[in-house]
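Structure file coords-v3.txt; described as compact mmCIF, C-alpha atoms and all ligand atoms.
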```txt
# COMPACT_ATOMS: atom_id res chain seq x y z
CA MET A 570 78.48 24.50 -56.10
CA ASN A 571 74.74 24.13 -55.72
CA ILE A 572 72.71 24.39 -52.55
CA LYS A 573 71.60 20.75 -52.61
CA GLU A 574 75.19 19.48 -52.76
CA ILE A 575 76.24 21.64 -49.83
CA LEU A 576 73.18 20.53 -47.85
CA ASP A 577 74.13 16.90 -48.45
CA ALA A 578 77.69 17.65 -47.38
CA VAL A 579 76.47 19.38 -44.19
CA GLN A 580 74.31 16.41 -43.30
CA ALA A 581 76.92 13.78 -44.12
CA PHE A 582 79.76 15.54 -42.26
CA GLU A 583 80.81 13.30 -39.36
CA ILE A 584 81.67 15.15 -36.18
CA GLN A 585 83.43 13.02 -33.60
CA SER A 586 85.71 15.47 -31.89
CA ALA A 587 86.17 19.13 -31.12
CA HIS A 588 88.60 19.20 -34.04
CA ASP A 589 85.94 17.87 -36.47
CA LEU A 590 83.56 20.47 -35.16
CA GLU A 591 85.99 23.28 -35.91
CA SER A 592 86.58 21.90 -39.44
CA PHE A 593 82.83 21.85 -39.94
CA ARG A 594 82.54 25.47 -38.86
CA ILE A 595 85.34 26.60 -41.16
CA GLN A 596 84.03 24.65 -44.15
CA PHE A 597 80.42 25.78 -43.93
CA LEU A 598 79.87 28.64 -41.52
CA GLY A 599 83.18 30.51 -41.47
CA SER A 600 83.75 33.88 -43.13
CA LYS A 601 85.34 32.04 -46.06
CA GLY A 602 82.97 29.09 -45.81
CA GLN A 603 80.76 27.62 -48.51
CA ILE A 604 77.53 29.17 -47.26
CA LYS A 605 79.12 32.61 -47.29
CA ASP A 606 80.12 31.96 -50.90
CA LEU A 607 76.52 31.10 -51.74
CA TYR A 608 75.37 34.44 -50.41
CA GLY A 609 78.08 36.08 -52.51
CA ALA A 610 76.86 34.23 -55.62
CA LEU A 611 73.29 35.43 -55.03
CA LYS A 612 74.01 38.60 -56.99
CA ASN A 613 74.34 36.55 -60.20
CA VAL A 614 70.91 34.94 -59.73
CA PRO A 615 68.17 36.43 -61.95
CA ASN A 616 66.00 38.89 -60.00
CA GLU A 617 62.81 36.86 -60.19
CA ASP A 618 64.57 33.84 -58.53
CA LYS A 619 66.49 35.79 -55.91
CA LYS A 620 63.79 35.49 -53.26
CA SER A 621 63.38 31.71 -53.40
CA VAL A 622 67.10 30.98 -53.76
CA GLY A 623 67.79 33.33 -50.83
CA GLN A 624 65.27 31.40 -48.71
CA GLN A 625 66.92 28.11 -49.61
CA ILE A 626 70.32 29.43 -48.56
CA ASN A 627 68.82 30.70 -45.28
CA GLN A 628 67.38 27.26 -44.61
CA LEU A 629 70.70 25.62 -45.35
CA ARG A 630 72.50 28.02 -43.00
CA GLN A 631 69.95 27.28 -40.28
CA ILE A 632 70.50 23.53 -40.63
CA ALA A 633 74.29 23.94 -40.49
CA GLU A 634 74.06 26.26 -37.47
CA ASP A 635 71.75 23.85 -35.63
CA LYS A 636 74.10 20.95 -36.24
CA PHE A 637 77.03 23.04 -35.07
CA ALA A 638 75.18 24.13 -31.92
CA SER A 639 74.13 20.62 -30.93
CA PHE A 640 77.68 19.24 -31.24
CA LYS A 641 79.15 22.26 -29.53
CA LEU A 642 77.37 21.22 -26.33
CA THR A 643 79.07 17.86 -26.53
CA PHE A 644 82.58 19.03 -27.29
CA SER A 645 82.70 22.42 -25.65
CA ASP A 646 85.69 23.13 -23.49
CA LYS A 647 84.27 23.24 -19.97
CA ASN A 648 86.84 25.75 -18.82
CA SER A 649 86.43 28.26 -21.58
CA ASP A 650 84.99 31.66 -20.66
CA GLU A 651 82.06 31.35 -23.03
CA ASP A 652 80.88 28.13 -21.40
CA GLN A 653 80.50 29.14 -17.78
CA LEU A 654 79.02 26.71 -15.26
CA ASP A 655 75.25 27.23 -15.31
CA LEU A 656 73.95 26.75 -11.80
CA THR A 657 70.34 27.18 -12.91
CA ARG A 658 70.47 24.18 -15.25
CA PRO A 659 68.34 21.24 -14.02
CA SER A 660 70.53 18.37 -12.86
CA SER A 661 70.60 15.09 -14.69
CA ASP A 662 68.59 12.23 -13.16
CA THR A 663 70.20 10.46 -10.22
CA LEU A 664 69.93 6.69 -10.28
CA ILE A 665 68.52 5.58 -6.95
CA GLY A 666 69.49 1.96 -6.38
CA SER A 667 67.33 -0.63 -4.70
CA HIS A 668 68.00 -2.83 -1.70
CA HIS A 669 69.41 -6.30 -2.17
CA PRO A 670 66.75 -8.90 -1.31
CA LEU A 671 69.07 -10.47 1.29
CA SER A 672 69.54 -7.09 2.98
CA LEU A 673 65.79 -6.56 3.09
CA VAL A 674 65.14 -9.94 4.66
CA ARG A 675 68.05 -9.65 7.11
CA LYS A 676 66.76 -6.25 8.23
CA GLU A 677 63.24 -7.56 8.68
CA ILE A 678 64.40 -10.53 10.76
CA ILE A 679 66.67 -8.35 12.92
CA GLU A 680 63.79 -5.94 13.56
CA ILE A 681 61.50 -8.76 14.69
CA PHE A 682 64.05 -9.98 17.26
CA ASN A 683 64.92 -6.43 18.32
CA ARG A 684 61.30 -6.04 19.37
CA ILE A 685 61.68 -8.84 21.94
CA GLY A 686 64.99 -7.62 23.31
CA TYR A 687 67.64 -9.34 21.18
CA VAL A 688 70.71 -7.28 20.27
CA VAL A 689 72.91 -7.83 17.22
CA SER A 690 76.42 -9.20 17.71
CA GLU A 691 79.07 -9.67 15.03
CA GLY A 692 82.35 -11.52 14.77
CA PRO A 693 85.17 -12.42 12.39
CA GLU A 694 84.63 -14.47 9.22
CA ILE A 695 88.03 -16.13 9.63
CA GLU A 696 87.76 -18.21 12.79
CA ASP A 697 89.90 -20.56 14.83
CA ASP A 698 88.92 -24.15 15.52
CA TRP A 699 87.86 -23.33 19.08
CA HIS A 700 85.15 -20.79 18.22
CA ASN A 701 83.83 -22.56 15.13
CA PHE A 702 83.96 -26.16 16.44
CA SER A 703 85.54 -27.16 19.75
CA ALA A 704 83.68 -24.80 22.07
CA LEU A 705 80.50 -25.92 20.34
CA ASN A 706 81.00 -29.51 21.43
CA PHE A 707 82.03 -30.88 18.01
CA PRO A 708 83.81 -34.19 18.63
CA PRO A 709 87.33 -34.20 17.11
CA GLU A 710 86.29 -36.61 14.35
CA HIS A 711 83.01 -34.82 13.47
CA PRO A 712 82.49 -34.78 9.69
CA ALA A 713 81.73 -31.03 9.62
CA ARG A 714 85.41 -30.40 10.36
CA ASP A 715 86.27 -32.37 7.28
CA MET A 716 87.91 -30.67 4.30
CA GLN A 717 84.73 -31.27 2.32
CA ASP A 718 82.68 -28.84 4.36
CA THR A 719 85.16 -26.33 5.66
CA PHE A 720 87.53 -23.96 3.90
CA PHE A 721 90.77 -23.99 5.87
CA VAL A 722 93.20 -21.09 5.64
CA GLU A 723 96.68 -20.52 6.98
CA LYS A 724 97.19 -17.49 9.18
CA GLY A 725 100.77 -17.31 10.36
CA GLU A 726 101.44 -20.48 12.38
CA ASN A 727 97.78 -21.22 12.93
CA GLU A 728 95.37 -23.16 10.84
CA MET A 729 92.18 -21.13 10.65
CA ALA A 730 88.85 -21.72 8.94
CA LEU A 731 86.26 -19.60 7.18
CA ARG A 732 83.42 -19.84 9.67
CA THR A 733 80.82 -22.43 8.69
CA HIS A 734 78.10 -20.85 10.85
CA THR A 735 77.65 -17.77 12.99
CA SER A 736 77.38 -19.90 16.14
CA SER A 737 81.06 -18.91 16.44
CA VAL A 738 79.94 -15.35 17.24
CA GLN A 739 77.73 -16.66 20.03
CA VAL A 740 80.70 -18.44 21.60
CA ARG A 741 82.47 -15.09 21.65
CA VAL A 742 79.46 -13.39 23.23
CA MET A 743 79.17 -16.09 25.93
CA GLU A 744 82.89 -15.84 26.70
CA ASN A 745 82.72 -12.09 27.08
CA SER A 746 79.48 -11.46 28.94
CA THR A 747 77.42 -12.77 31.81
CA PRO A 748 73.80 -13.93 31.47
CA PRO A 749 71.10 -12.93 30.83
CA ILE A 750 72.13 -12.96 27.18
CA ARG A 751 69.78 -12.28 24.27
CA THR A 752 71.60 -11.90 21.00
CA ILE A 753 71.29 -12.54 17.28
CA SER A 754 74.27 -12.92 14.97
CA PRO A 755 73.72 -12.14 11.30
CA GLY A 756 76.59 -12.75 8.92
CA ARG A 757 78.16 -14.48 5.97
CA VAL A 758 79.28 -18.10 6.32
CA TYR A 759 81.25 -20.43 4.06
CA ARG A 760 81.00 -24.10 3.15
CA ASN A 761 82.99 -26.03 0.66
CA GLU A 762 80.16 -27.03 -1.67
CA ALA A 763 79.82 -27.10 -5.44
CA ILE A 764 77.83 -24.09 -6.65
CA SER A 765 74.40 -24.96 -8.03
CA ALA A 766 70.85 -23.63 -7.98
CA ARG A 767 70.40 -25.14 -4.52
CA ALA A 768 73.82 -24.74 -2.88
CA HIS A 769 76.55 -22.11 -2.76
CA CYS A 770 79.99 -21.92 -1.21
CA PHE A 771 78.88 -18.91 0.85
CA PHE A 772 75.54 -17.83 2.25
CA HIS A 773 74.11 -15.79 5.10
CA GLN A 774 72.80 -16.86 8.47
CA ILE A 775 71.06 -15.32 11.41
CA GLU A 776 71.55 -17.28 14.59
CA GLY A 777 69.96 -16.47 17.94
CA LEU A 778 70.91 -17.23 21.54
CA TYR A 779 69.02 -16.76 24.79
CA ILE A 780 70.59 -17.65 28.13
CA ASP A 781 69.14 -16.99 31.54
CA LYS A 782 67.96 -18.85 34.64
CA ASN A 783 65.10 -21.30 33.98
CA VAL A 784 64.98 -20.98 30.20
CA SER A 785 62.91 -23.89 28.89
CA PHE A 786 62.04 -25.56 25.61
CA ALA A 787 58.58 -23.95 25.88
CA ASP A 788 60.28 -20.52 25.75
CA LEU A 789 62.06 -21.59 22.57
CA LYS A 790 58.83 -22.74 20.94
CA GLN A 791 56.99 -19.54 21.82
CA THR A 792 59.85 -17.39 20.55
CA LEU A 793 59.91 -19.21 17.22
CA MET A 794 56.13 -19.11 16.94
CA PHE A 795 56.20 -15.35 17.48
CA PHE A 796 58.94 -15.01 14.88
CA ALA A 797 57.07 -17.11 12.28
CA LYS A 798 53.88 -15.10 12.68
CA GLU A 799 55.71 -11.78 12.50
CA LEU A 800 57.57 -12.80 9.37
CA PHE A 801 55.01 -14.86 7.47
CA GLY A 802 51.73 -13.50 8.85
CA GLU A 803 49.23 -14.27 11.59
CA LYS A 804 48.05 -17.49 9.90
CA ALA A 805 51.51 -19.11 9.99
CA THR A 806 52.01 -22.08 12.30
CA ILE A 807 55.15 -24.06 13.11
CA ARG A 808 56.03 -27.67 13.81
CA LEU A 809 59.20 -29.06 15.35
CA ARG A 810 60.88 -32.29 14.28
CA PRO A 811 63.59 -33.96 16.38
CA SER A 812 67.08 -33.41 14.98
CA TYR A 813 70.73 -33.43 15.97
CA PHE A 814 73.33 -30.70 16.41
CA PRO A 815 76.47 -31.16 18.52
CA PHE A 816 75.85 -27.91 20.41
CA THR A 817 72.18 -28.38 21.38
CA GLU A 818 70.34 -31.11 23.28
CA PRO A 819 67.52 -31.72 22.58
CA SER A 820 67.63 -30.37 19.04
CA ALA A 821 64.90 -29.76 16.51
CA GLU A 822 64.29 -28.64 12.99
CA VAL A 823 61.50 -26.15 12.51
CA ASP A 824 58.99 -26.08 9.67
CA VAL A 825 56.58 -23.26 8.99
CA SER A 826 53.22 -23.88 7.33
CA CYS A 827 53.53 -23.09 3.64
CA THR A 828 52.28 -19.55 3.23
CA LEU A 829 52.32 -19.79 -0.56
CA CYS A 830 49.53 -22.39 -0.77
CA ASN A 831 48.00 -21.96 2.74
CA ALA A 832 49.42 -25.40 3.60
CA LYS A 833 47.28 -27.06 0.91
CA GLY A 834 50.37 -28.34 -0.95
CA CYS A 835 52.29 -26.77 -3.84
CA ASN A 836 55.56 -27.33 -5.68
CA VAL A 837 57.50 -25.03 -3.30
CA CYS A 838 56.55 -27.10 -0.21
CA LYS A 839 56.72 -30.27 -2.30
CA TYR A 840 53.03 -30.93 -1.56
CA SER A 841 53.71 -31.40 2.16
CA GLY A 842 52.22 -28.08 3.35
CA TRP A 843 55.42 -27.40 5.37
CA LEU A 844 58.65 -25.52 4.70
CA GLU A 845 61.82 -26.12 6.67
CA ILE A 846 63.24 -22.79 7.87
CA LEU A 847 65.59 -23.29 10.82
CA GLY A 848 67.45 -25.49 13.28
CA CYS A 849 67.26 -25.01 17.05
CA GLY A 850 67.64 -26.60 20.47
CA MET A 851 68.57 -26.16 24.11
CA VAL A 852 72.23 -25.16 24.44
CA ASP A 853 74.24 -28.24 25.46
CA PRO A 854 75.64 -27.83 29.02
CA ASN A 855 79.09 -28.69 27.60
CA VAL A 856 78.92 -25.53 25.47
CA LEU A 857 77.93 -23.35 28.41
CA GLU A 858 80.78 -24.74 30.49
CA ALA A 859 83.29 -24.33 27.63
CA CYS A 860 82.32 -20.65 27.48
CA GLY A 861 82.61 -20.10 31.23
CA ILE A 862 78.89 -20.19 32.09
CA ASP A 863 77.72 -22.33 35.04
CA SER A 864 75.34 -24.89 33.54
CA ASN A 865 73.88 -25.67 36.98
CA VAL A 866 72.59 -22.11 37.22
CA TYR A 867 71.85 -21.19 33.64
CA SER A 868 70.16 -22.76 30.66
CA GLY A 869 69.42 -21.42 27.23
CA PHE A 870 68.28 -22.02 23.73
CA ALA A 871 69.78 -21.33 20.32
CA PHE A 872 68.46 -21.28 16.78
CA GLY A 873 69.88 -20.62 13.35
CA MET A 874 68.45 -19.93 9.91
CA GLY A 875 69.65 -19.21 6.38
CA VAL A 876 68.75 -15.76 5.05
CA GLU A 877 68.77 -17.01 1.44
CA ARG A 878 66.26 -19.68 2.32
CA ILE A 879 63.86 -17.22 3.95
CA ALA A 880 64.27 -14.79 1.04
CA GLN A 881 63.59 -17.66 -1.34
CA LEU A 882 60.28 -18.33 0.39
CA LYS A 883 59.31 -14.68 0.60
CA TYR A 884 60.23 -13.84 -2.99
CA ARG A 885 60.04 -17.28 -4.64
CA VAL A 886 63.62 -17.16 -5.86
CA THR A 887 64.32 -20.55 -7.39
CA ASP A 888 68.06 -20.25 -8.08
CA LEU A 889 70.46 -19.35 -5.24
CA ARG A 890 73.06 -18.08 -7.69
CA LEU A 891 70.88 -15.07 -8.55
CA TYR A 892 71.68 -13.53 -5.18
CA SER A 893 75.34 -13.05 -6.00
CA GLU A 894 75.40 -12.48 -9.76
CA ASN A 895 74.54 -8.77 -9.62
CA ASP A 896 72.14 -8.95 -12.54
CA LEU A 897 70.32 -5.61 -12.42
CA ARG A 898 67.18 -7.14 -13.95
CA PHE A 899 66.93 -9.37 -10.87
CA LEU A 900 68.00 -6.79 -8.28
CA LYS A 901 65.69 -4.01 -9.50
CA GLN A 902 62.60 -5.99 -8.57
CA PHE A 903 63.06 -5.62 -4.83
CA THR A 904 61.82 -2.60 -2.95
CA PRO A 905 61.20 -2.41 0.78
CA GLY A 906 57.79 -3.79 1.67
CA ASN A 907 57.45 -6.02 -1.40
N1 LIG B 1001 74.62 -23.68 13.51
C1 LIG B 1001 73.61 -24.49 12.87
C2 LIG B 1001 73.95 -24.55 11.37
O1 LIG B 1001 74.72 -23.80 10.90
C3 LIG B 1001 72.23 -23.95 13.04
C4 LIG B 1001 71.78 -24.02 14.47
C5 LIG B 1001 72.01 -22.98 15.33
C6 LIG B 1001 71.16 -25.15 14.95
C7 LIG B 1001 71.60 -23.04 16.64
C8 LIG B 1001 70.76 -25.24 16.25
C9 LIG B 1001 70.98 -24.19 17.10
O2 LIG B 1001 73.41 -25.36 10.66
```
Any chance you could give the structure as structure tokens?
Amino acid sequence: MNIKEILDAVQAFEIQSAHDLESFRIQFLGSKGQIKDLYGALKNVPNEDKKSVGQQINQLRQIAEDKFASFKLTFSDKNSDEDQLDLTRPSSDTLIGSHHPLSLVRKEIIEIFNRIGYVVSEGPEIEDDWHNFSALNFPPEHPARDMQDTFFVEKGENEMALRTHTSSVQVRVMENSTPPIRTISPGRVYRNEAISARAHCFFHQIEGLYIDKNVSFADLKQTLMFFAKELFGEKATIRLRPSYFPFTEPSAEVDVSCTLCNAKGCNVCKYSGWLEILGCGMVDPNVLEACGIDSNVYSGFAFGMGVERIAQLKYRVTDLRLYSENDLRFLKQFTPGN
């Protein structure tokens, strides 16, 4: 057996288990192992070569011992006496995750409204017809109740729906408290839509509600103006376009000046200089009455926005599906303050 052959065998030996490791030790390093035999055979080597051959065997033994030691760490029995827990060993790196972009934006929006006295309210995602539609002044034949928009579910005897907006939470708040009311309702909502880059069957909303004596449309405009400047920067301006919602009258859709191109026109704002961000209006007296609030004494406004939409504008996300695919390459890019 020559040294070179044993060296090759040491290097080629595959160690994939503790059992392999023990075979390796016996074959090469054990008291009857091949390296021991080499030392034994040294006495037959001519004197003038003894020194260099001895060095070669030492090198070989070192290589075999190093290989053994590195695999021993991998396969060592954690409970054995010789491998005690070493409390002084540095710990392995801990992976610190990052925040989901929707969580970051939701938090930022909530904080802005907290600063002007709005408190967060939450409610169930599976709702009855009353809270999602009827109390909100949806006529019985309104298309939003249609199977195409709403996911209906059976719950015992009752037909329930996955809420299509978080206005349902505001109905609950109005039913259970007396004005003044200042609340925002963040949460997940569901609509029966085909999934594409621009639509999803679930998304997140933050809706706001303010009810008190003498609340006017001017209060609504100022509140939204404050919000837009806090979120998009001092230069942001808003415009309101007339719109329709069953639960508000008058109703409006709100655009914010495109902060990406300073309202000069770009492909995100489709060269209009404006981005649509939310719907709003004065709460319809029918809604107040349905929730037990005297509409002769109180008035109020409501608004609602999609968190995905705002995040899209802040982070220029072009495909809605990215938010729910859990691709780490996408998620890792978001850190608070970005
Ligand atoms: N609930 C509406 C929607 O989901 C948004 C909205 C809320 C509009 C409050 C006006 C007032 O689209």
Need the axis-aligned box for region 780-790 of chain A with 3 Å each side, so what are the centre and edges in Å to one decimal, as lines of an AutoDock Vina configuration file?
```
center_x = 64.6
center_y = -21.3
center_z = 27.8
size_x = 18.0
size_y = 14.6
size_z = 19.7
```
| So which residues fall inside 12 Å of (69.2, -6.6, -7.6) if we count only C-alpha atoms? Mind giving them as a PyMOL selection string? | chain A and resi 666-673+891-904
| query | Hey, which residues come within 6 Å of ligand LIG 1001 (chain B) if we count all atoms listed in the file? Could you give them as number ranges by chain? | reply | A: 734, 736, 776, 848-850, 871-873
Kindly export the residues of the current selection with C-alpha atoms, as a CSV table (one decimal), in the frame of the given file.
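Saved the output as again_24.csv:
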```csv
chain,number,residue,atom,x,y,z
A,734,HIS,CA,78.1,-20.8,10.8
A,736,SER,CA,77.4,-19.9,16.1
A,776,GLU,CA,71.6,-17.3,14.6
A,848,GLY,CA,67.4,-25.5,13.3
A,849,CYS,CA,67.3,-25.0,17.0
A,850,GLY,CA,67.6,-26.6,20.5
A,871,ALA,CA,69.8,-21.3,20.3
A,872,PHE,CA,68.5,-21.3,16.8
A,873,GLY,CA,69.9,-20.6,13.4
```
| request: For region 820-831 of chain A, please output as a PyMOL selection string all residues within 8 Å (counting all atoms listed in the file; exclusion window: fewer than 6 positions along the same chain). | output: chain A and resi 797+801+805-814+837-838+842-851
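Among A:Val674, A:Val722, A:Val740, A:Ile780, the residue with the shortest atom-to-atom distance to Leu882 (chain A), counting all atoms listed in the file, is A:Val674.
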